[in-house]
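Peer 1: Please read through the structure below; I'll follow up with questions.
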Amino acid sequence: MKNKIVFLIIFLLINSLICMGQKSDTTHQIGLAIISQVNQGNSYITFPTDIGNIEPLWFEGNLMPNFHLRQSKDSRLMGVLTPQIILRMYQEASYPVRSPSYIPQFTFYYLFKDKGNQKSTSVFGRIAHHSNGQAESFFLDNGDINTKSGDFSTNYFEGGVIRTNFNKRFNAYQFFKTSLEVYPQNWYTDDLNGIFSPVRWHNTFSIFKLSNKDIDRTKRSADISLKGEATWMFGSLNEWEIASINRLSLSFTFYYHPRFLEDVGLFVQYYQGLDYYNMSFNHQLYVLRFGIMTEKLRF
């Protein structure tokens with residue numbers, strides 16, 4: 001069953017990439033602010049209805065404000081400062097929130113304008129820190145990872161390319177990103193050697209379907225969006241073969257902004273792969289979740 005879901009998501013990603021090249025039109029130009037927001041991600045909170053093998057949660061929250069550093073709205077070079085925090089409240093006595101993920105990061109973007117105002121290309125670079133604010137031993141006495149209070153701290157950099165275009169046929173904006181995330185060995189603790197991937201290849205495809213209201217500019221928002229992500233993890237990792245399917249993480253997110261909500265919308269997401277929540281990094285997740293998310297695209 002799990003393999004069928006993996007192949008289905010891969011098929012959807014490939015199909016989306018094929019559609020990306022169909023009938024492009026760049027009458028609608030967008031700037032770095034929107035490109036960066038799509039790439040950075042958005043704040044969200046999940047409902048306590050997760051389906052899968054994640055621990056019972058009241059919610060998972062992603063707090064992700066983005067501070068833009070630029071000279072003007074038309075700048076082709078821009079910095080983004082993001083003090084990201086991910087936290088989970090568990091369905092246990094006293095409703096604990098254990099060891100949030102602190103991921104402060106700085107990202108710069110540069111926008112290339114192709115000749116003839118054809119599809120735009122952007123490059124970005126990021127330096128980030130990921131820790132959980134704990135100071136206890138990494139391993140328990142029995143050799144298990146101390147997921148509740150173990151010290152987790154890493155630093156990494158990421159660089160990549162973002163391709164953007166407007167598809168007139170589907171009245172949709174499309175974004176494709178590919179990037180490499182690298183953790184230098186002296187940027188994380190020795191306890192992570194062999195169980196934490198030091199190099200990760202990310203590929204993301206996003207499409208934002210606009211409603212008829214957006215054509216006449218009376219409501220400047222994205223009503224529907226789809227996002228597919230695939231990450232392959234390299235390096236020594238749990239003694240897995242280099243071609244092991246366990247190295248692949250996939251997610252597929254559908255977002256809908258109903259008319260009766262101004263700044264948030266509803267989303268459903270399927271995620272399969274290693275956990276991204278600090279000391280839970282070695283846990284394989286298979287989870288379908290629902291929640292609310294801040295608006296992804298605003299003009």
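Every chain in the structure tokens has a letter given in the order shown (A, B, ...), and although residue numbers restart at 1 in each chain, ligands are simply numbered from 1 in the order shown.
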Which residues come within 9 Å of Trp232 in chain A, counting only C-alpha atoms, excluding same-chain residues fewer than 2 positions away, as number ranges by chain?
Peer 2: A: 199-203, 230, 234, 247-249
Peer 1: How would the residues just chosen look if you wrote them out with N, CA and C atoms as a PDB file, in the first residue's frame?
Peer 2:
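As written to disk, again.pdb reads:
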ATOM      1  N   VAL A 199      23.805  15.573   3.201  1.00  0.00           N
ATOM      2  CA  VAL A 199      23.553  16.198   1.897  1.00  0.00           C
ATOM      3  C   VAL A 199      22.164  15.783   1.423  1.00  0.00           C
ATOM      4  N   ARG A 200      21.346  16.780   1.038  1.00  0.00           N
ATOM      5  CA  ARG A 200      19.969  16.503   0.645  1.00  0.00           C
ATOM      6  C   ARG A 200      19.622  17.274  -0.626  1.00  0.00           C
ATOM      7  N   TRP A 201      19.020  16.561  -1.553  1.00  0.00           N
ATOM      8  CA  TRP A 201      18.626  17.165  -2.823  1.00  0.00           C
ATOM      9  C   TRP A 201      17.115  17.362  -2.824  1.00  0.00           C
ATOM     10  N   HIS A 202      16.689  18.632  -2.892  1.00  0.00           N
ATOM     11  CA  HIS A 202      15.271  18.975  -2.848  1.00  0.00           C
ATOM     12  C   HIS A 202      14.757  19.349  -4.237  1.00  0.00           C
ATOM     13  N   ASN A 203      13.547  18.903  -4.549  1.00  0.00           N
ATOM     14  CA  ASN A 203      12.853  19.314  -5.763  1.00  0.00           C
ATOM     15  C   ASN A 203      11.403  19.615  -5.405  1.00  0.00           C
ATOM     16  N   ALA A 230       9.873  16.514  -3.250  1.00  0.00           N
ATOM     17  CA  ALA A 230      10.606  15.254  -3.175  1.00  0.00           C
ATOM     18  C   ALA A 230      12.039  15.556  -2.740  1.00  0.00           C
ATOM     19  N   PHE A 234      21.513  11.866   0.808  1.00  0.00           N
ATOM     20  CA  PHE A 234      22.779  11.216   0.480  1.00  0.00           C
ATOM     21  C   PHE A 234      23.612  11.002   1.747  1.00  0.00           C
ATOM     22  N   ARG A 247      15.507   6.540   1.659  1.00  0.00           N
ATOM     23  CA  ARG A 247      16.163   7.841   1.559  1.00  0.00           C
ATOM     24  C   ARG A 247      15.262   8.910   0.927  1.00  0.00           C
ATOM     25  N   LEU A 248      14.137   8.508   0.420  1.00  0.00           N
ATOM     26  CA  LEU A 248      13.240   9.421  -0.277  1.00  0.00           C
ATOM     27  C   LEU A 248      12.150   9.930   0.652  1.00  0.00           C
ATOM     28  N   SER A 249      11.984  11.258   0.686  1.00  0.00           N
ATOM     29  CA  SER A 249      10.872  11.874   1.404  1.00  0.00           C
ATOM     30  C   SER A 249       9.973  12.568   0.391  1.00  0.00           C
TER      31      SER A 249
END
Peer 1: Considering only strand (DSSP E or B) as DSSP defines it on the backbone, what residues of range 106-229 of chain A qualify? List them as a short mmCIF file (atom, residue, chain, number, x, y, z; two decimals) with C-alpha atoms, in the first residue's frame.
Peer 2:
data_model
loop_
_atom_site.label_atom_id
_atom_site.label_comp_id
_atom_site.auth_asym_id
_atom_site.auth_seq_id
_atom_site.Cartn_x
_atom_site.Cartn_y
_atom_site.Cartn_z
CA PHE A 106 18.80 34.06 6.33
CA THR A 107 18.14 33.69 2.60
CA PHE A 108 19.15 35.89 -0.31
CA TYR A 109 17.49 35.88 -3.74
CA TYR A 110 18.57 37.23 -7.09
CA LEU A 111 16.16 37.49 -10.05
CA PHE A 112 17.34 37.13 -13.64
CA SER A 120 11.91 34.21 -15.02
CA THR A 121 14.79 32.45 -13.28
CA SER A 122 15.93 33.13 -9.73
CA VAL A 123 18.80 31.82 -7.65
CA PHE A 124 18.92 31.69 -3.88
CA GLY A 125 21.31 30.86 -1.08
CA ARG A 126 20.48 30.15 2.55
CA ILE A 127 22.32 29.68 5.81
CA ALA A 128 20.34 28.24 8.72
CA HIS A 129 20.55 26.83 12.22
CA HIS A 130 18.36 24.00 13.55
CA SER A 131 18.27 23.12 17.24
CA GLU A 136 20.72 16.48 27.98
CA PHE A 139 21.47 8.86 23.82
CA ILE A 145 17.98 8.39 20.94
CA GLY A 150 18.54 15.17 24.01
CA SER A 153 22.03 21.21 17.08
CA THR A 154 22.97 21.57 13.42
CA ASN A 155 23.88 24.28 10.93
CA TYR A 156 23.57 24.08 7.17
CA PHE A 157 23.57 25.99 3.93
CA GLU A 158 21.38 25.55 0.88
CA GLY A 159 21.61 26.85 -2.67
CA GLY A 160 19.32 26.42 -5.63
CA VAL A 161 17.42 27.66 -8.67
CA ILE A 162 13.76 28.63 -9.02
CA ARG A 163 12.00 28.69 -12.39
CA THR A 164 8.75 30.69 -12.62
CA ASN A 165 6.13 31.18 -15.31
CA PHE A 166 2.45 31.99 -15.84
CA ASN A 167 0.33 29.37 -17.61
CA ALA A 172 -2.07 29.59 -12.94
CA TYR A 173 1.37 30.54 -11.69
CA GLN A 174 3.91 27.74 -11.68
CA PHE A 175 7.17 27.40 -9.75
CA PHE A 176 9.84 24.72 -9.97
CA LYS A 177 12.71 24.67 -7.49
CA THR A 178 15.74 22.43 -7.25
CA SER A 179 18.33 22.88 -4.51
CA LEU A 180 21.08 21.19 -2.55
CA GLU A 181 21.18 21.33 1.25
CA VAL A 182 24.57 20.62 2.87
CA TYR A 188 26.82 19.27 13.70
CA VAL A 199 23.55 16.20 1.90
CA ARG A 200 19.97 16.50 0.65
CA TRP A 201 18.63 17.17 -2.82
CA HIS A 202 15.27 18.97 -2.85
CA ASN A 203 12.85 19.31 -5.76
CA THR A 204 9.59 21.23 -5.45
CA PHE A 205 6.79 22.00 -7.89
CA SER A 206 4.06 24.50 -6.95
CA ILE A 207 1.05 25.64 -8.94
CA PHE A 208 -1.35 28.40 -7.89
CA LYS A 209 -4.71 28.36 -9.62
CA SER A 221 -5.21 36.16 -3.84
CA ILE A 224 -6.28 27.01 -4.96
CA SER A 225 -2.71 25.78 -4.86
CA LEU A 226 -0.93 22.45 -5.18
CA LYS A 227 2.58 21.69 -4.00
CA GLY A 228 4.63 18.54 -4.51
CA GLU A 229 8.02 18.00 -2.88
#
Peer 1: Among range 99-226 of chain A, which residues carry a DSSP assignment of helix (DSSP H, G or I), reported as a VMD selection string?
Peer 2: chain A and resid 115 to 117 185 to 187 190 to 192 212 to 215
